[in-house]
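What's in final35.csv: CSV, N, CA and C atoms
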chain,number,residue,atom,x,y,z
A,26,MET,N,-1.4,15.9,80.9
A,26,MET,CA,-0.6,15.8,79.7
A,26,MET,C,-1.1,16.8,78.6
A,27,ARG,N,-0.2,17.4,77.8
A,27,ARG,CA,-0.6,18.4,76.9
A,27,ARG,C,-1.3,17.8,75.7
A,28,SER,N,-2.4,18.3,75.4
A,28,SER,CA,-3.1,17.9,74.1
A,28,SER,C,-3.4,19.2,73.3
A,29,ALA,N,-4.1,19.1,72.2
A,29,ALA,CA,-4.3,20.2,71.4
A,29,ALA,C,-5.1,21.3,72.1
A,30,GLU,N,-5.9,20.9,73.1
A,30,GLU,CA,-6.7,21.9,73.8
A,30,GLU,C,-6.0,22.5,75.0
A,31,THR,N,-4.9,21.9,75.4
A,31,THR,CA,-4.2,22.4,76.6
A,31,THR,C,-3.4,23.6,76.2
A,32,PRO,N,-3.7,24.8,76.9
A,32,PRO,CA,-2.8,26.0,76.6
A,32,PRO,C,-1.4,25.8,77.1
A,33,LYS,N,-0.5,26.5,76.4
A,33,LYS,CA,0.9,26.4,76.8
A,33,LYS,C,1.1,26.9,78.2
A,34,GLY,N,0.3,27.8,78.7
A,34,GLY,CA,0.4,28.2,80.1
A,34,GLY,C,0.1,27.2,81.1
A,35,LYS,N,-0.5,26.1,80.8
A,35,LYS,CA,-0.7,25.0,81.7
A,35,LYS,C,0.5,24.0,81.8
A,36,MET,N,1.5,24.2,80.9
A,36,MET,CA,2.7,23.3,81.0
A,36,MET,C,3.6,23.9,82.1
A,37,SER,N,4.4,23.0,82.7
A,37,SER,CA,5.4,23.4,83.7
A,37,SER,C,6.4,24.3,83.0
A,38,ARG,N,7.1,25.1,83.7
A,38,ARG,CA,8.2,25.9,83.2
A,38,ARG,C,9.3,25.0,82.5
A,39,ALA,N,9.6,23.9,83.2
A,39,ALA,CA,10.6,23.0,82.6
A,39,ALA,C,10.2,22.5,81.3
A,40,GLU,N,8.9,22.1,81.1
A,40,GLU,CA,8.4,21.6,79.9
A,40,GLU,C,8.4,22.7,78.8
A,41,ARG,N,8.0,23.9,79.1
A,41,ARG,CA,8.0,25.0,78.2
A,41,ARG,C,9.4,25.3,77.7
A,42,ASP,N,10.3,25.3,78.6
A,42,ASP,CA,11.7,25.6,78.3
A,42,ASP,C,12.3,24.5,77.4
A,43,SER,N,12.1,23.3,77.7
A,43,SER,CA,12.6,22.2,76.9
A,43,SER,C,12.0,22.2,75.5
A,44,ARG,N,10.7,22.4,75.4
A,44,ARG,CA,10.0,22.4,74.1
A,44,ARG,C,10.5,23.6,73.3
A,45,SER,N,10.6,24.7,73.9
A,45,SER,CA,11.1,25.9,73.2
A,45,SER,C,12.5,25.7,72.6
A,46,ARG,N,13.4,25.2,73.4
A,46,ARG,CA,14.8,25.0,72.9
A,46,ARG,C,14.8,23.9,71.8
A,47,LEU,N,14.0,22.9,72.0
A,47,LEU,CA,13.9,21.8,71.0
A,47,LEU,C,13.4,22.4,69.6
A,48,THR,N,12.4,23.3,69.7
A,48,THR,CA,11.9,23.9,68.5
A,48,THR,C,12.9,24.8,67.9
A,49,GLN,N,13.7,25.5,68.7
A,49,GLN,CA,14.8,26.3,68.1
A,49,GLN,C,15.8,25.5,67.4
A,50,ILE,N,16.2,24.4,68.0
A,50,ILE,CA,17.2,23.6,67.4
A,50,ILE,C,16.7,23.0,66.1
A,51,SER,N,15.5,22.4,66.1
A,51,SER,CA,15.0,21.7,64.9
A,51,SER,C,14.7,22.7,63.8
A,52,SER,N,14.4,23.9,64.1
A,52,SER,CA,14.0,24.9,63.0
A,52,SER,C,15.2,25.7,62.4
A,53,VAL,N,16.3,25.7,63.2
A,53,VAL,CA,17.4,26.6,62.7
A,53,VAL,C,18.6,25.8,62.4
A,54,ASP,N,19.0,24.8,63.2
A,54,ASP,CA,20.2,24.1,63.1
A,54,ASP,C,20.1,22.8,62.3
A,55,ALA,N,21.1,22.4,61.6
A,55,ALA,CA,21.2,21.1,61.0
A,55,ALA,C,21.4,20.1,62.2
A,56,ILE,N,20.9,18.9,62.0
A,56,ILE,CA,21.1,17.8,63.0
A,56,ILE,C,21.4,16.5,62.3
A,57,VAL,N,22.4,15.8,62.9
A,57,VAL,CA,22.7,14.5,62.3
A,57,VAL,C,23.1,13.6,63.5
A,58,ARG,N,22.6,12.3,63.3
A,58,ARG,CA,22.9,11.3,64.3
A,58,ARG,C,24.1,10.4,63.8
A,59,GLY,N,25.0,10.2,64.7
A,59,GLY,CA,26.2,9.3,64.3
A,59,GLY,C,27.4,9.6,65.2
A,60,THR,N,28.5,9.0,64.8
A,60,THR,CA,29.7,9.1,65.5
A,60,THR,C,30.8,9.4,64.5
A,61,LEU,N,31.8,10.3,64.9
A,61,LEU,CA,32.9,10.5,64.0
A,61,LEU,C,34.0,9.6,64.4
A,62,VAL,N,34.7,8.9,63.5
A,62,VAL,CA,35.7,7.9,63.8
A,62,VAL,C,36.9,8.1,62.8
A,63,TRP,N,38.1,8.2,63.3
A,63,TRP,CA,39.3,8.2,62.5
A,63,TRP,C,39.6,6.8,62.1
A,64,ARG,N,39.8,6.5,60.9
A,64,ARG,CA,40.2,5.1,60.4
A,64,ARG,C,41.5,5.1,59.7
A,65,GLU,N,42.3,4.1,59.9
A,65,GLU,CA,43.6,3.9,59.2
A,65,GLU,C,43.5,2.7,58.3
A,66,ARG,N,44.0,2.8,57.1
A,66,ARG,CA,44.0,1.6,56.3
A,66,ARG,C,45.2,1.6,55.4
A,67,THR,N,45.6,0.4,55.0
A,67,THR,CA,46.7,0.3,54.0
A,67,THR,C,46.2,0.5,52.6
A,68,CYS,N,47.0,1.0,51.8
A,68,CYS,CA,46.6,1.2,50.4
A,68,CYS,C,46.7,0.0,49.6
A,69,GLY,N,45.8,-0.2,48.6
A,69,GLY,CA,45.9,-1.3,47.7
A,69,GLY,C,46.7,-1.1,46.5
A,70,LYS,N,47.2,0.1,46.3
A,70,LYS,CA,48.0,0.4,45.1
A,70,LYS,C,49.5,0.0,45.4
A,71,PRO,N,50.1,-0.8,44.6
A,71,PRO,CA,51.5,-1.3,45.0
A,71,PRO,C,52.5,-0.2,45.0
A,72,ASN,N,52.4,0.9,44.3
A,72,ASN,CA,53.4,1.9,44.3
A,72,ASN,C,53.2,3.0,45.2
A,73,CYS,N,52.1,3.0,46.0
A,73,CYS,CA,51.8,4.0,46.9
A,73,CYS,C,52.7,3.9,48.2
A,74,GLN,N,53.1,5.1,48.7
A,74,GLN,CA,54.0,5.1,49.9
A,74,GLN,C,53.2,4.4,51.1
A,75,TRP,N,51.9,4.5,51.1
A,75,TRP,CA,51.1,4.0,52.2
A,75,TRP,C,51.0,2.5,52.1
A,76,ALA,N,51.4,1.9,51.0
A,76,ALA,CA,51.3,0.4,50.9
A,76,ALA,C,52.6,-0.2,51.5
A,77,ARG,N,53.5,0.6,51.9
A,77,ARG,CA,54.8,0.1,52.5
A,77,ARG,C,54.8,0.3,54.0
A,78,GLY,N,53.7,0.2,54.7
A,78,GLY,CA,53.7,0.2,56.1
A,78,GLY,C,52.9,1.3,56.8
A,79,GLU,N,53.1,2.6,56.3
A,79,GLU,CA,52.3,3.7,56.8
A,79,GLU,C,50.8,3.5,56.2
A,80,LYS,N,49.9,4.2,56.8
A,80,LYS,CA,48.5,4.0,56.5
A,80,LYS,C,47.8,5.3,56.1
A,81,HIS,N,46.8,5.2,55.2
A,81,HIS,CA,46.0,6.3,54.9
A,81,HIS,C,45.1,6.6,56.2
A,82,VAL,N,44.9,7.8,56.5
A,82,VAL,CA,44.0,8.1,57.7
A,82,VAL,C,42.9,9.0,57.1
A,83,GLY,N,41.7,8.6,57.5
A,83,GLY,CA,40.5,9.3,57.1
A,83,GLY,C,39.4,9.4,58.2
A,84,LEU,N,38.6,10.4,58.1
A,84,LEU,CA,37.5,10.7,59.1
A,84,LEU,C,36.2,10.1,58.5
A,85,TYR,N,35.5,9.4,59.2
A,85,TYR,CA,34.2,8.8,58.8
A,85,TYR,C,33.1,9.1,59.8
A,86,LEU,N,31.9,9.4,59.2
A,86,LEU,CA,30.7,9.5,60.0
A,86,LEU,C,30.1,8.1,59.9
A,87,ILE,N,29.8,7.6,61.1
A,87,ILE,CA,29.2,6.2,61.2
A,87,ILE,C,27.9,6.2,62.0
A,88,ALA,N,26.9,5.5,61.5
A,88,ALA,CA,25.7,5.4,62.2
A,88,ALA,C,25.0,4.1,61.8
A,89,SER,N,24.1,3.5,62.6
A,89,SER,CA,23.4,2.4,62.2
A,89,SER,C,22.0,2.8,61.7
A,90,LYS,N,21.5,2.1,60.7
A,90,LYS,CA,20.2,2.4,60.2
A,90,LYS,C,19.6,1.1,59.7
A,91,ASP,N,18.4,0.8,60.2
A,91,ASP,CA,17.7,-0.4,59.9
A,91,ASP,C,18.5,-1.7,60.2
A,92,GLY,N,19.3,-1.6,61.3
A,92,GLY,CA,20.1,-2.7,61.7
A,92,GLY,C,21.4,-2.9,61.0
A,93,LYS,N,21.7,-2.0,60.1
A,93,LYS,CA,23.0,-2.0,59.4
A,93,LYS,C,23.8,-0.8,59.7
A,94,LEU,N,25.1,-1.1,59.7
A,94,LEU,CA,26.1,0.0,59.9
A,94,LEU,C,26.4,0.7,58.6
A,95,ARG,N,26.3,2.0,58.6
A,95,ARG,CA,26.6,2.8,57.4
A,95,ARG,C,27.7,3.8,57.8
A,96,GLN,N,28.6,4.0,56.8
A,96,GLN,CA,29.7,5.0,57.1
A,96,GLN,C,29.9,5.8,55.8
A,97,LEU,N,30.4,7.0,56.1
A,97,LEU,CA,30.5,8.0,55.0
A,97,LEU,C,31.9,8.7,55.3
A,98,PHE,N,32.7,8.7,54.3
A,98,PHE,CA,34.0,9.4,54.4
A,98,PHE,C,33.7,10.9,54.4
A,99,LEU,N,34.4,11.6,55.3
A,99,LEU,CA,34.3,13.1,55.3
A,99,LEU,C,35.6,13.8,55.0
A,100,PRO,N,35.5,14.7,54.0
A,100,PRO,CA,36.7,15.5,53.8
A,100,PRO,C,37.0,16.4,55.0
A,101,GLN,N,38.2,16.8,55.2
A,101,GLN,CA,38.6,17.5,56.4
A,101,GLN,C,37.8,18.8,56.5
A,102,SER,N,37.4,19.4,55.4
A,102,SER,CA,36.6,20.7,55.4
A,102,SER,C,35.3,20.5,56.1
A,103,TYR,N,34.8,19.3,56.2
A,103,TYR,CA,33.5,19.0,56.8
A,103,TYR,C,33.5,18.7,58.3
A,104,GLU,N,34.7,18.5,58.8
A,104,GLU,CA,34.8,18.0,60.2
A,104,GLU,C,34.1,19.0,61.2
A,105,ALA,N,34.4,20.2,61.2
A,105,ALA,CA,33.8,21.2,62.2
A,105,ALA,C,32.3,21.3,62.0
A,106,LYS,N,31.9,21.3,60.8
A,106,LYS,CA,30.4,21.5,60.5
A,106,LYS,C,29.7,20.2,61.0
A,107,VAL,N,30.2,19.0,60.7
A,107,VAL,CA,29.5,17.8,61.1
A,107,VAL,C,29.6,17.6,62.7
A,108,ARG,N,30.7,18.0,63.3
A,108,ARG,CA,30.8,18.0,64.8
A,108,ARG,C,29.7,18.8,65.4
A,109,LYS,N,29.4,20.0,64.8
A,109,LYS,CA,28.4,20.9,65.3
A,109,LYS,C,27.0,20.2,65.2
A,110,TRP,N,26.8,19.6,64.0
A,110,TRP,CA,25.5,18.9,63.8
A,110,TRP,C,25.3,17.8,64.8
A,111,LEU,N,26.4,17.0,65.1
A,111,LEU,CA,26.3,15.9,66.0
A,111,LEU,C,25.9,16.5,67.4
A,112,GLU,N,26.5,17.6,67.8
A,112,GLU,CA,26.2,18.2,69.1
A,112,GLU,C,24.8,18.6,69.2
A,113,LYS,N,24.2,19.1,68.1
A,113,LYS,CA,22.8,19.6,68.1
A,113,LYS,C,21.9,18.3,68.2
A,114,TYR,N,22.3,17.2,67.6
A,114,TYR,CA,21.5,16.0,67.7
A,114,TYR,C,21.5,15.6,69.2
A,115,LYS,N,22.7,15.6,69.8
A,115,LYS,CA,22.8,15.2,71.2
A,115,LYS,C,22.0,16.1,72.1
A,116,GLU,N,22.0,17.4,71.9
A,116,GLU,CA,21.2,18.3,72.7
A,116,GLU,C,19.7,18.0,72.5
A,117,ALA,N,19.3,17.8,71.2
A,117,ALA,CA,17.9,17.5,71.0
A,117,ALA,C,17.4,16.2,71.7
A,118,ALA,N,18.3,15.2,71.6
A,118,ALA,CA,17.9,13.9,72.3
A,118,ALA,C,17.8,14.1,73.8
A,119,GLU,N,18.7,14.9,74.4
A,119,GLU,CA,18.6,15.2,75.8
A,119,GLU,C,17.3,15.9,76.2
A,120,LEU,N,16.9,16.9,75.3
A,120,LEU,CA,15.7,17.6,75.6
A,120,LEU,C,14.5,16.7,75.5
A,121,LEU,N,14.5,15.8,74.5
A,121,LEU,CA,13.4,14.9,74.4
A,121,LEU,C,13.3,14.0,75.6
A,122,GLU,N,14.4,13.6,76.1
A,122,GLU,CA,14.5,12.7,77.3
A,122,GLU,C,13.9,13.5,78.5
A,123,GLN,N,14.2,14.8,78.6
A,123,GLN,CA,13.7,15.6,79.7
A,123,GLN,C,12.2,15.7,79.6
A,124,ILE,N,11.7,15.9,78.4
A,124,ILE,CA,10.2,16.0,78.2
A,124,ILE,C,9.6,14.7,78.6
A,125,SER,N,10.2,13.6,78.1
A,125,SER,CA,9.6,12.3,78.4
A,125,SER,C,9.6,12.0,79.9
A,126,ASP,N,10.6,12.4,80.6
A,126,ASP,CA,10.7,12.2,82.1
A,126,ASP,C,9.5,13.0,82.7
A,127,LEU,N,9.3,14.2,82.3
A,127,LEU,CA,8.2,15.0,82.9
A,127,LEU,C,6.8,14.3,82.7
A,128,TYR,N,6.6,13.7,81.5
A,128,TYR,CA,5.4,13.0,81.2
A,128,TYR,C,5.3,11.7,82.0
A,129,TRP,N,6.4,11.0,82.2
A,129,TRP,CA,6.4,9.8,83.1
A,129,TRP,C,5.9,10.2,84.4
A,130,GLU,N,6.4,11.3,85.0
A,130,GLU,CA,5.9,11.8,86.3
A,130,GLU,C,4.4,12.1,86.3
A,131,LYS,N,3.9,12.7,85.2
A,131,LYS,CA,2.5,13.1,85.1
A,131,LYS,C,1.7,11.8,85.1
A,132,ILE,N,2.1,10.8,84.3
A,132,ILE,CA,1.4,9.6,84.2
A,132,ILE,C,1.4,8.8,85.6
A,133,GLU,N,2.5,8.8,86.2
A,133,GLU,CA,2.6,8.2,87.6
A,133,GLU,C,1.6,8.8,88.5
A,134,LYS,N,1.5,10.2,88.5
A,134,LYS,CA,0.6,10.9,89.4
A,134,LYS,C,-0.8,11.0,88.9
A,135,ARG,N,-1.1,10.4,87.7
A,135,ARG,CA,-2.4,10.4,87.0
A,135,ARG,C,-2.9,11.8,86.8
A,136,GLU,N,-1.9,12.7,86.4
A,136,GLU,CA,-2.3,14.1,86.1
A,136,GLU,C,-2.7,14.2,84.6
A,137,GLU,N,-3.5,15.2,84.3
A,137,GLU,CA,-3.8,15.6,83.0
A,137,GLU,C,-3.0,16.7,82.5

Let me see whether you can do it: turn the structure in this file into structure tokens.
Amino acid sequence: MRSAETPKGKMSRAERDSRSRLTQISSVDAIVRGTLVWRERTCGKPNCQWARGEKHVGLYLIASKDGKLRQLFLPQSYEAKVRKWLEKYKEAAELLEQISDLYWEKIEKREE
């Protein structure tokens, strides 16, 4: 297992590659955890056209935190940017899982 004294050269190529990409993502790109959801709702204003059957449609970023669901309305101008940030989070999570799997194998083999 890698410690402060273990040189980078002692890591496997897969671990070096995963750690390198994870560092690139976290130092350059924005990252956000959550899901984008389109929601429809009727309007509460009696004179609004949407109160007569059609619904307001909006995009929301949704994620749980401390056991509670939180949601944030997103203007359309944010959609592409937030989708990119969500993809970076997903990529970072996959890289962490790869690194974790490598260390599970090392622990099973009782390697240092």

**Prompt:** For A:Ile56, which of A:Val107, A:Asn72, A:Tyr114, A:Gly78 is the closest residue, counting all atoms listed in the file?
**Reply:** A:Tyr114

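You will find atom N of A:Arg44 at 19.9 Å from atom N of A:Trp110.
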
**Request:** Tell me, in Å to one decimal, how far atom CA of A:Leu61 is from atom CA of A:Gln96.
**Result:**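 A separation of 9.4 Å between them.
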
**Message:** To test your reading of the structure, identify every residue in chain A that backbone DSSP assigns to helix (DSSP H, G or I), and report it as a PyMOL selection string.
**Reply:** chain A and resi 33-35+38-53+74-77+101-134

Name all residues at most 8 Å from A:Val62 (count only C-alpha atoms; drop same-chain ones fewer than 3 positions away) and give them as a short mmCIF file (atom, residue, chain, number, x, y, z; two decimals) with N, CA and C atoms, in the coordinates of the input.
data_model
loop_
_atom_site.label_atom_id
_atom_site.label_comp_id
_atom_site.auth_asym_id
_atom_site.auth_seq_id
_atom_site.Cartn_x
_atom_site.Cartn_y
_atom_site.Cartn_z
N LEU A 84 38.60 10.40 58.10
CA LEU A 84 37.50 10.70 59.10
C LEU A 84 36.20 10.10 58.50
N TYR A 85 35.50 9.40 59.20
CA TYR A 85 34.20 8.80 58.80
C TYR A 85 33.10 9.10 59.80
N LEU A 86 31.90 9.40 59.20
CA LEU A 86 30.70 9.50 60.00
C LEU A 86 30.10 8.10 59.90
N ILE A 87 29.80 7.60 61.10
CA ILE A 87 29.20 6.20 61.20
C ILE A 87 27.90 6.20 62.00
#

**Message:** Please report the interatomic distance between atom N of A:Trp63 and atom C of A:Glu116 in Å with one decimal.
**Reply:** 22.8 Å

**Item:** DSSP-assigned strand (DSSP E or B) among chain A, expressed as an NGL selection string
**Value:** :A and (60-66 or 81-90 or 93-99)

**Asked** Taking all atoms listed in the file into account, which of A:Glu130, A:Glu136, A:Leu120, A:Arg66 comes nearest A:Asp42?
**Response**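 The closest residue to A:Asp42 is A:Leu120.
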
**Asked** With only C-alpha atoms as the basis for distance, which of A:Ser89, A:Ser37, A:Ser43, A:Gln101 is at the shortest distance from A:Ile124?
**Response** A:Ser43

**Prompt:** Counting only C-alpha atoms, which of A:Glu65, A:Ala117, A:Met36, A:Asp126 gets nearest to A:Glu79?
**Reply:**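 Checking each candidate against A:Glu79, we get A:Glu65 as the closest.
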
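The nearest approach to A:His81 among the residues A:Ala118, A:Leu97, A:Val53, A:Cys68, with all atoms listed in the file taken into account, belongs to A:Cys68.
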
Could you name the residues that touch A:Ile50 at 7 Å or less, counting all atoms listed in the file, but leaving out those on the same chain fewer than 5 positions away, as a CSV table (one decimal) with N, CA and C atoms, in the coordinates of the input?
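Heads up, here's the output in result.csv:
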chain,number,residue,atom,x,y,z
A,45,SER,N,10.6,24.7,73.9
A,45,SER,CA,11.1,25.9,73.2
A,45,SER,C,12.5,25.7,72.6
A,55,ALA,N,21.1,22.4,61.6
A,55,ALA,CA,21.2,21.1,61.0
A,55,ALA,C,21.4,20.1,62.2
A,113,LYS,N,24.2,19.1,68.1
A,113,LYS,CA,22.8,19.6,68.1
A,113,LYS,C,21.9,18.3,68.2
